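Coordinates as given in my_file38.cif (mmCIF, C-alpha atoms):
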data_my_file
#
loop_
_atom_site.group_PDB
_atom_site.id
_atom_site.type_symbol
_atom_site.label_atom_id
_atom_site.label_comp_id
_atom_site.auth_asym_id
_atom_site.auth_seq_id
_atom_site.Cartn_x
_atom_site.Cartn_y
_atom_site.Cartn_z
ATOM 1 C CA MET A 554 60.787 -10.453 -252.801
ATOM 2 C CA ILE A 555 62.412 -13.809 -252.142
ATOM 3 C CA ILE A 556 64.520 -12.322 -249.322
ATOM 4 C CA LYS A 557 61.431 -10.834 -247.693
ATOM 5 C CA LEU A 558 59.630 -14.158 -247.964
ATOM 6 C CA ALA A 559 62.557 -15.998 -246.382
ATOM 7 C CA ALA A 560 62.744 -13.427 -243.576
ATOM 8 C CA GLN A 561 59.005 -13.725 -242.982
ATOM 9 C CA ILE A 562 59.205 -17.521 -242.819
ATOM 10 C CA ILE A 563 62.062 -17.422 -240.302
ATOM 11 C CA PHE A 564 60.411 -14.699 -238.195
ATOM 12 C CA TYR A 565 56.978 -16.319 -237.994
ATOM 13 C CA LEU A 566 58.521 -19.756 -237.438
ATOM 14 C CA LEU A 567 60.485 -18.454 -234.433
ATOM 15 C CA VAL A 568 57.439 -16.653 -233.064
ATOM 16 C CA GLY A 569 55.231 -19.706 -233.704
ATOM 17 C CA ILE A 570 57.576 -22.083 -231.878
ATOM 18 C CA LEU A 571 57.669 -19.759 -228.875
ATOM 19 C CA GLY A 572 53.886 -19.326 -229.040
ATOM 20 C CA ILE A 573 53.282 -23.087 -228.941
ATOM 21 C CA TYR A 574 55.823 -23.523 -226.130
ATOM 22 C CA SER A 575 54.193 -20.700 -224.168
ATOM 23 C CA MET A 576 50.746 -22.230 -224.543
ATOM 24 C CA MET A 577 52.125 -25.561 -223.299
ATOM 25 C CA MET A 578 53.645 -23.861 -220.255
ATOM 26 C CA VAL A 579 50.406 -22.098 -219.411
ATOM 27 C CA TYR A 580 48.415 -25.307 -219.894
ATOM 28 C CA VAL A 581 50.745 -27.372 -217.681
ATOM 29 C CA LEU A 582 50.790 -24.648 -215.036
ATOM 30 C CA LEU A 583 47.003 -24.336 -214.936
ATOM 31 C CA ARG A 584 46.488 -28.085 -214.977
ATOM 32 C CA TYR A 585 49.026 -29.197 -212.365
ATOM 33 C CA GLY A 586 49.562 -26.013 -210.355
ATOM 34 C CA LYS A 587 48.097 -26.252 -206.873
ATOM 35 C CA SER A 588 47.144 -22.600 -206.561
ATOM 36 C CA LYS A 589 44.994 -21.696 -209.536
ATOM 37 C CA ILE A 590 45.008 -18.016 -208.605
ATOM 38 C CA LEU A 591 48.812 -17.890 -208.571
ATOM 39 C CA SER A 592 48.958 -19.886 -211.805
ATOM 40 C CA LEU A 593 46.480 -17.545 -213.482
ATOM 41 C CA ALA A 594 48.305 -14.431 -212.275
ATOM 42 C CA VAL A 595 51.723 -15.674 -213.422
ATOM 43 C CA SER A 596 50.312 -16.886 -216.745
ATOM 44 C CA ALA A 597 48.623 -13.538 -217.357
ATOM 45 C CA LEU A 598 51.818 -11.606 -216.584
ATOM 46 C CA PHE A 599 53.827 -13.888 -218.829
ATOM 47 C CA LEU A 600 51.360 -13.640 -221.708
ATOM 48 C CA ILE A 601 51.247 -9.831 -221.403
ATOM 49 C CA ALA A 602 55.076 -9.683 -221.510
ATOM 50 C CA ILE A 603 55.262 -12.024 -224.497
ATOM 51 C CA ALA A 604 52.452 -10.218 -226.349
ATOM 52 C CA THR A 605 54.171 -6.853 -225.769
ATOM 53 C CA LEU A 606 57.481 -8.193 -227.052
ATOM 54 C CA TYR A 607 55.735 -9.758 -230.028
ATOM 55 C CA ALA A 608 54.170 -6.403 -230.894
ATOM 56 C CA ALA A 609 57.601 -4.767 -230.663
ATOM 57 C CA ALA A 610 59.164 -7.505 -232.783
ATOM 58 C CA GLN A 611 56.417 -7.189 -235.396
ATOM 59 C CA ALA A 612 56.883 -3.422 -235.509
ATOM 60 C CA ASN A 613 60.645 -3.875 -235.903
ATOM 61 C CA PHE A 614 60.065 -6.426 -238.642
ATOM 62 C CA ASN A 615 57.741 -4.049 -240.523
ATOM 63 C CA LEU A 616 60.445 -1.359 -240.431
ATOM 64 C CA LEU A 617 62.877 -3.537 -242.348
ATOM 65 C CA THR A 618 63.381 -2.828 -246.029
ATOM 66 C CA PHE A 619 64.341 -5.649 -248.303
ATOM 67 C CA PRO A 620 66.191 -5.413 -251.623
ATOM 68 C CA GLU A 621 64.069 -6.327 -254.638
ATOM 69 C CA LEU A 622 65.421 -9.601 -255.912
ATOM 70 C CA GLU A 623 63.166 -11.559 -258.242
ATOM 71 C CA LEU A 624 63.737 -15.161 -259.186
ATOM 72 C CA LEU A 625 63.888 -15.498 -262.954
ATOM 73 C CA MET B 113 57.035 -24.734 -189.437
ATOM 74 C CA SER B 114 58.543 -22.633 -192.190
ATOM 75 C CA LEU B 115 58.948 -25.621 -194.499
ATOM 76 C CA SER B 116 55.230 -26.157 -194.891
ATOM 77 C CA LEU B 117 53.785 -24.190 -197.794
ATOM 78 C CA ASN B 118 50.140 -24.291 -196.844
ATOM 79 C CA PRO B 119 48.615 -26.232 -193.951
ATOM 80 C CA GLN B 120 45.255 -26.445 -195.726
ATOM 81 C CA PHE B 121 46.910 -27.964 -198.779
ATOM 82 C CA LEU B 122 45.071 -30.879 -200.382
ATOM 83 C CA PHE B 123 46.351 -33.148 -203.096
ATOM 84 C CA PRO B 124 44.663 -35.555 -205.542
ATOM 85 C CA GLY B 125 44.300 -39.005 -204.045
ATOM 86 C CA GLN B 126 44.384 -37.791 -200.471
ATOM 87 C CA GLN B 127 42.491 -40.221 -198.292
ATOM 88 C CA ALA B 128 40.043 -39.498 -195.531
ATOM 89 C CA GLY B 129 41.876 -39.053 -192.252
ATOM 90 C CA GLU B 130 45.200 -38.564 -193.995
ATOM 91 C CA LYS B 131 46.915 -35.597 -192.395
ATOM 92 C CA ILE B 132 49.541 -33.604 -194.235
ATOM 93 C CA HIS B 133 52.605 -32.871 -192.131
ATOM 94 C CA LEU B 134 54.806 -31.194 -194.682
ATOM 95 C CA VAL B 135 54.725 -29.863 -198.216
ATOM 96 C CA THR B 136 58.107 -28.862 -199.517
ATOM 97 C CA ARG B 137 59.944 -28.102 -202.723
ATOM 98 C CA LYS B 138 63.428 -27.022 -203.710
ATOM 99 C CA HIS B 139 64.885 -24.175 -201.679
ATOM 100 C CA TRP B 140 64.320 -20.735 -203.230
ATOM 101 C CA VAL B 141 68.087 -20.235 -203.459
ATOM 102 C CA VAL B 142 68.206 -23.002 -206.067
ATOM 103 C CA LEU B 143 65.612 -21.167 -208.164
ATOM 104 C CA ALA B 144 67.459 -17.865 -207.660
ATOM 105 C CA ARG B 145 70.741 -19.493 -208.748
ATOM 106 C CA ASP B 146 69.121 -20.876 -211.910
ATOM 107 C CA ILE B 147 67.590 -17.472 -212.682
ATOM 108 C CA VAL B 148 70.938 -15.708 -212.190
ATOM 109 C CA ILE B 149 72.587 -18.193 -214.553
ATOM 110 C CA TRP B 150 69.786 -17.651 -217.058
ATOM 111 C CA LEU B 151 70.201 -13.886 -216.819
ATOM 112 C CA ILE B 152 73.634 -14.252 -218.413
ATOM 113 C CA PHE B 153 71.650 -14.336 -221.648
ATOM 114 C CA VAL B 154 70.354 -10.838 -220.845
ATOM 115 C CA VAL B 155 73.924 -9.655 -220.248
ATOM 116 C CA ILE B 156 74.680 -10.707 -223.842
ATOM 117 C CA LEU B 157 72.145 -8.087 -225.000
ATOM 118 C CA PHE B 158 73.901 -5.333 -223.057
ATOM 119 C CA GLY B 159 77.263 -6.670 -224.220
ATOM 120 C CA TYR B 160 76.161 -6.116 -227.801
ATOM 121 C CA ASP B 161 75.310 -2.467 -227.161
ATOM 122 C CA TRP B 162 78.283 -1.720 -224.907
ATOM 123 C CA PHE B 163 81.086 -3.583 -226.664
ATOM 124 C CA LEU B 164 80.175 -4.688 -230.185
ATOM 125 C CA VAL B 165 78.455 -1.529 -231.471
ATOM 126 C CA PRO B 166 81.330 0.834 -230.484
ATOM 127 C CA GLN B 167 83.844 -1.587 -232.014
ATOM 128 C CA PHE B 168 82.204 -2.038 -235.410
ATOM 129 C CA PRO B 169 81.009 1.150 -237.171
ATOM 130 C CA PHE B 170 78.774 -0.705 -239.640
ATOM 131 C CA LEU B 171 76.557 -1.782 -236.709
ATOM 132 C CA ARG B 172 75.705 1.899 -236.166
ATOM 133 C CA THR B 173 74.030 2.286 -239.557
ATOM 134 C CA PRO B 174 70.216 2.649 -239.457
ATOM 135 C CA GLU B 175 69.654 -0.590 -241.371
ATOM 136 C CA ALA B 176 71.895 -2.598 -239.047
ATOM 137 C CA ALA B 177 70.172 -1.031 -236.036
ATOM 138 C CA LYS B 178 66.755 -2.090 -237.376
ATOM 139 C CA ILE B 179 67.903 -5.680 -237.870
ATOM 140 C CA ALA B 180 69.573 -5.692 -234.440
ATOM 141 C CA ASN B 181 66.371 -4.406 -232.800
ATOM 142 C CA LEU B 182 64.367 -7.179 -234.430
ATOM 143 C CA ILE B 183 66.829 -9.862 -233.334
ATOM 144 C CA LYS B 184 66.962 -8.424 -229.806
ATOM 145 C CA THR B 185 63.184 -8.434 -229.338
ATOM 146 C CA VAL B 186 62.826 -12.022 -230.589
ATOM 147 C CA TYR B 187 65.796 -13.051 -228.443
ATOM 148 C CA LEU B 188 64.243 -11.393 -225.399
ATOM 149 C CA MET B 189 60.990 -13.281 -226.002
ATOM 150 C CA TYR B 190 62.943 -16.541 -225.803
ATOM 151 C CA VAL B 191 64.813 -15.416 -222.684
ATOM 152 C CA ILE B 192 61.522 -14.607 -220.923
ATOM 153 C CA GLY B 193 60.058 -17.907 -222.133
ATOM 154 C CA GLY B 194 63.047 -19.688 -220.604
ATOM 155 C CA LEU B 195 62.605 -17.853 -217.300
ATOM 156 C CA MET B 196 58.950 -18.846 -217.234
ATOM 157 C CA ALA B 197 59.904 -22.483 -217.926
ATOM 158 C CA LEU B 198 62.382 -22.383 -215.012
ATOM 159 C CA TRP B 199 59.717 -21.146 -212.633
ATOM 160 C CA VAL B 200 57.047 -23.577 -213.885
ATOM 161 C CA LEU B 201 59.364 -26.556 -213.378
ATOM 162 C CA TYR B 202 60.335 -25.253 -209.928
ATOM 163 C CA TYR B 203 56.718 -24.708 -208.906
ATOM 164 C CA LEU B 204 55.423 -28.061 -210.156
ATOM 165 C CA ASN B 205 58.067 -30.153 -208.380
ATOM 166 C CA TYR B 206 57.179 -30.771 -204.753
ATOM 167 C CA GLN B 207 57.013 -33.411 -202.068
ATOM 168 C CA ILE B 208 54.275 -34.121 -199.573
ATOM 169 C CA ILE B 209 54.692 -35.992 -196.315
ATOM 170 C CA THR B 210 51.525 -37.234 -194.665
ATOM 171 C CA ASN B 211 50.964 -39.454 -191.648
ATOM 172 C CA GLU B 212 50.610 -42.408 -194.054
ATOM 173 C CA ARG B 213 52.932 -41.854 -197.002
ATOM 174 C CA ILE B 214 55.412 -39.735 -198.879
ATOM 175 C CA VAL B 215 54.320 -38.356 -202.241
ATOM 176 C CA ASP B 216 56.839 -37.057 -204.766
ATOM 177 C CA VAL B 217 55.307 -34.945 -207.549
ATOM 178 C CA ASP B 218 57.758 -34.560 -210.418
ATOM 179 C CA GLN B 219 57.599 -32.365 -213.482
ATOM 180 C CA LYS B 220 60.768 -33.326 -215.330
ATOM 181 C CA ASN B 221 59.837 -31.270 -218.378
ATOM 182 C CA LEU B 222 56.656 -29.732 -219.741
ATOM 183 C CA LEU B 223 55.351 -33.057 -221.032
ATOM 184 C CA PHE B 224 56.563 -35.365 -218.267
ATOM 185 C CA HIS B 225 54.510 -35.291 -215.074
ATOM 186 C CA SER B 226 54.836 -38.125 -212.601
ATOM 187 C CA THR B 227 53.627 -38.814 -209.080
ATOM 188 C CA THR B 228 55.407 -41.395 -206.938
ATOM 189 C CA GLU B 229 54.068 -42.596 -203.618
ATOM 190 C CA LEU B 230 55.803 -44.432 -200.842
ATOM 191 C CA HIS B 231 54.057 -45.812 -197.800
ATOM 192 C CA LEU B 232 55.819 -44.901 -194.591
ATOM 193 C CA ALA B 233 55.780 -48.560 -193.559
ATOM 194 C CA GLN B 234 58.206 -49.310 -196.411
ATOM 195 C CA VAL B 235 60.823 -46.892 -195.137
ATOM 196 C CA GLU B 236 64.047 -48.600 -194.089
ATOM 197 C CA ASP B 237 66.526 -45.785 -193.817
ATOM 198 C CA VAL B 238 66.411 -42.009 -194.141
ATOM 199 C CA THR B 239 69.510 -39.927 -194.854
ATOM 200 C CA SER B 240 70.013 -36.195 -195.113
ATOM 201 C CA GLU B 241 72.863 -34.540 -196.942
ATOM 202 C CA ILE B 242 73.938 -30.907 -196.926
ATOM 203 C CA LYS B 243 76.774 -30.028 -199.236
ATOM 204 C CA GLY B 244 78.341 -27.024 -200.890
ATOM 205 C CA PHE B 245 78.813 -23.448 -199.749
ATOM 206 C CA LEU B 246 75.266 -22.334 -200.533
ATOM 207 C CA GLY B 247 73.799 -25.505 -199.032
ATOM 208 C CA ASN B 248 75.521 -24.872 -195.709
ATOM 209 C CA LEU B 249 74.814 -21.153 -195.754
ATOM 210 C CA PHE B 250 71.093 -21.494 -196.463
ATOM 211 C CA ASN B 251 70.633 -24.896 -194.858
ATOM 212 C CA TYR B 252 69.306 -26.877 -197.787
ATOM 213 C CA GLY B 253 70.248 -30.272 -199.152
ATOM 214 C CA ASN B 254 69.056 -33.694 -200.199
ATOM 215 C CA VAL B 255 67.018 -36.281 -198.340
ATOM 216 C CA TYR B 256 67.309 -39.934 -199.364
ATOM 217 C CA VAL B 257 64.676 -42.417 -198.274
ATOM 218 C CA GLN B 258 65.807 -46.018 -198.618
ATOM 219 C CA THR B 259 63.013 -48.499 -199.183
ATOM 220 C CA ALA B 260 62.601 -52.241 -199.307
ATOM 221 C CA GLY B 261 60.988 -52.066 -202.727
ATOM 222 C CA ALA B 262 62.508 -52.231 -206.209
ATOM 223 C CA ARG B 263 63.154 -48.502 -206.201
ATOM 224 C CA THR B 264 65.943 -48.321 -203.687
ATOM 225 C CA ARG B 265 66.042 -44.593 -203.163
ATOM 226 C CA PHE B 266 63.435 -41.905 -202.918
ATOM 227 C CA GLU B 267 65.088 -38.522 -203.291
ATOM 228 C CA PHE B 268 64.155 -34.999 -202.246
ATOM 229 C CA ASP B 269 66.561 -32.675 -204.006
ATOM 230 C CA TYR B 270 67.728 -29.349 -202.523
ATOM 231 C CA VAL B 271 64.940 -29.133 -199.958
ATOM 232 C CA PRO B 272 65.126 -26.635 -197.074
ATOM 233 C CA ASP B 273 66.236 -27.989 -193.701
ATOM 234 C CA PRO B 274 66.817 -31.643 -194.673
ATOM 235 C CA ASN B 275 67.563 -32.673 -191.075
ATOM 236 C CA ALA B 276 64.111 -31.509 -189.966
ATOM 237 C CA ILE B 277 62.536 -33.459 -192.825
ATOM 238 C CA VAL B 278 64.386 -36.622 -191.772
ATOM 239 C CA LYS B 279 63.123 -36.107 -188.224
ATOM 240 C CA ILE B 280 59.536 -35.688 -189.426
ATOM 241 C CA ILE B 281 59.727 -38.904 -191.481
ATOM 242 C CA LEU B 282 61.283 -40.874 -188.633
ATOM 243 C CA ASP B 283 58.765 -39.521 -186.108
ATOM 244 C CA LEU B 284 55.901 -40.505 -188.391
ATOM 245 C CA TYR B 285 57.492 -43.919 -188.943
ATOM 246 C CA GLN B 286 57.626 -44.446 -185.185
ATOM 247 C CA LYS B 287 53.875 -43.877 -184.989
ATOM 248 C CA ILE B 288 53.106 -46.712 -187.426
ATOM 249 C CA PRO B 289 51.830 -49.838 -185.639
ATOM 250 C CA PRO B 290 54.644 -52.459 -185.369
ATOM 251 C CA GLY B 291 52.687 -55.043 -187.353
ATOM 252 C CA ALA B 292 52.416 -52.737 -190.373
ATOM 253 C CA LYS B 293 56.112 -51.922 -190.653
ATOM 254 C CA GLY B 294 58.181 -53.346 -193.509
ATOM 255 C CA GLU B 295 55.243 -54.151 -195.735
ATOM 256 C CA PRO B 296 52.898 -52.028 -197.790
ATOM 257 C CA LYS B 297 49.522 -51.284 -196.252
#

Using structure tokens, write down the structure from this file.
Amino acid sequence: MIIKLAAQIIFYLLVGILGIYSMMMVYVLLRYGKSKILSLAVSALFLIAIATLYAAAQANFNLLTFPELELL
Amino acid sequence: MSLSLNPQFLFPGQQAGEKIHLVTRKHWVVLARDIVIWLIFVVILFGYDWFLVPQFPFLRTPEAAKIANLIKTVYLMYVIGGLMALWVLYYLNYQIITNERIVDVDQKNLLFHSTTELHLAQVEDVTSEIKGFLGNLFNYGNVYVQTAGARTRFEFDYVPDPNAIVKIILDLYQKIPPGAKGEPK
């Protein structure tokens, strides 16, 4: 249980950091980019790629089995 | 001219009657070089499958494979995020030369955006520099604009055809009325 919790914390922390960084990139690109169409297209492609990889990572995470180890 | 990205380009703060002569950014070879260097991180993924897995039998167990797949997908997310960051920083760094001034738009990192302007009348000396094998092969390099102000040098890094850019700046400088030279407008 405790191992699964630790793994979940690490996994979602890594994904969260990348998610925040990605949102910042998209924001900066859309705000300062001269061509909004190009910025939108690149942002959309990037978000699709990241979302696909996140889905794969989540599926891989769900496949993991953790040993039962209770804190007593 | 091939250096100009878009002749209809407009930028914030552009004044009426101000004509854009050139919009330029780092040469694409510089971006390609950075991407190739970044792709070394992808090679690490293949290196794991090609070299580490055959060497260590415990990595071939189903449990190890599941953990490796998870690490690889998260790792790949970061690699793609890094590639995107490279392109964003490349795209948001550019220089504009108009008939009145030089504008340097800098995006040093995601949270540091700066715009520096220099009136052509303040220009004292313009230098171009092409160095390195790739620089000579693809004709890109640096342009340094020396000014009379506190900031001694205004730099364009790795821009295509630096000699042509120097010529454009000097030609535009020549068109400034003699009374306006050496002092800000």

One decimal, in Å: what's the spacing between CA of Val186 in chain B and CA of Ala610 in chain A?
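CA of Ala610 in chain A lies 6.2 Å from CA of Val186 in chain B.
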
Determine the residue membership of the PyMOL selection byres ((chain A) within 9 of (chain B)) for the file above and supply it as a CSV table (one decimal) with C-alpha atoms, in the coordinates of the input.
chain,number,residue,atom,x,y,z
A,564,PHE,CA,60.4,-14.7,-238.2
A,567,LEU,CA,60.5,-18.5,-234.4
A,568,VAL,CA,57.4,-16.7,-233.1
A,571,LEU,CA,57.7,-19.8,-228.9
A,574,TYR,CA,55.8,-23.5,-226.1
A,575,SER,CA,54.2,-20.7,-224.2
A,577,MET,CA,52.1,-25.6,-223.3
A,578,MET,CA,53.6,-23.9,-220.3
A,579,VAL,CA,50.4,-22.1,-219.4
A,581,VAL,CA,50.7,-27.4,-217.7
A,582,LEU,CA,50.8,-24.6,-215.0
A,585,TYR,CA,49.0,-29.2,-212.4
A,586,GLY,CA,49.6,-26.0,-210.4
A,587,LYS,CA,48.1,-26.3,-206.9
A,595,VAL,CA,51.7,-15.7,-213.4
A,596,SER,CA,50.3,-16.9,-216.7
A,599,PHE,CA,53.8,-13.9,-218.8
A,602,ALA,CA,55.1,-9.7,-221.5
A,603,ILE,CA,55.3,-12.0,-224.5
A,606,LEU,CA,57.5,-8.2,-227.1
A,607,TYR,CA,55.7,-9.8,-230.0
A,609,ALA,CA,57.6,-4.8,-230.7
A,610,ALA,CA,59.2,-7.5,-232.8
A,611,GLN,CA,56.4,-7.2,-235.4
A,612,ALA,CA,56.9,-3.4,-235.5
A,613,ASN,CA,60.6,-3.9,-235.9
A,614,PHE,CA,60.1,-6.4,-238.6
A,616,LEU,CA,60.4,-1.4,-240.4
A,617,LEU,CA,62.9,-3.5,-242.3
A,618,THR,CA,63.4,-2.8,-246.0

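What separates CA of Asp218 in chain B from CA of Val154 in chain B is a distance of 28.8 Å.
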
Quick check, in Å to one decimal: how far apart do CA of Val141 in chain B and CA of Val271 in chain B lie?
10.1 Å

Shell around Glu212 in chain B at 10 Å using only C-alpha atoms, local window under 4 positions removed, as JSON, numbers by chain:
{"B": [127, 129, 130, 131, 132, 133, 230, 231, 232, 233, 284, 285, 287, 288, 297]}

Hey, can I get the axis-aligned box for range 587-592 of chain A? All listed atoms, 6 Å padding on each side, centre and edge lengths in Å to one decimal, as lines of an AutoDock Vina configuration file.
center_x = 47.0
center_y = -22.1
center_z = -209.2
size_x = 16.0
size_y = 20.4
size_z = 17.2

Please expand the PyMOL selection byres ((chain A and resi 554-561) around 6) into the concrete residues it hits in this file, giving the result as a list in words.
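Applied to this file, the PyMOL selection byres ((chain A and resi 554-561) around 6) returns Ile562, Ile563, Phe564, Tyr565, Phe619, Glu621 and Leu622 of chain A.
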
Write out as a PDB file with C-alpha atoms, keeping the file's coordinate frame the residues lying within 12 Å of Gln286 in chain B, counting only C-alpha atoms and excluding same-chain residues fewer than 6 positions away.
ATOM      1  CA  ASN B 211      50.964 -39.454-191.648  1.00  0.00           C
ATOM      2  CA  GLU B 212      50.610 -42.408-194.054  1.00  0.00           C
ATOM      3  CA  LEU B 232      55.819 -44.901-194.591  1.00  0.00           C
ATOM      4  CA  ALA B 233      55.780 -48.560-193.559  1.00  0.00           C
ATOM      5  CA  VAL B 235      60.823 -46.892-195.137  1.00  0.00           C
ATOM      6  CA  GLU B 236      64.047 -48.600-194.089  1.00  0.00           C
ATOM      7  CA  LYS B 279      63.123 -36.107-188.224  1.00  0.00           C
ATOM      8  CA  ILE B 280      59.536 -35.688-189.426  1.00  0.00           C
ATOM      9  CA  ALA B 292      52.416 -52.737-190.373  1.00  0.00           C
ATOM     10  CA  LYS B 293      56.112 -51.922-190.653  1.00  0.00           C
TER      11      LYS B 293
END

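Nearest residue to Lys138 in chain B, choosing from B:Val215, B:Gln207, B:Asn275, B:Gly244 and counting all atoms listed in the file: B:Gln207.
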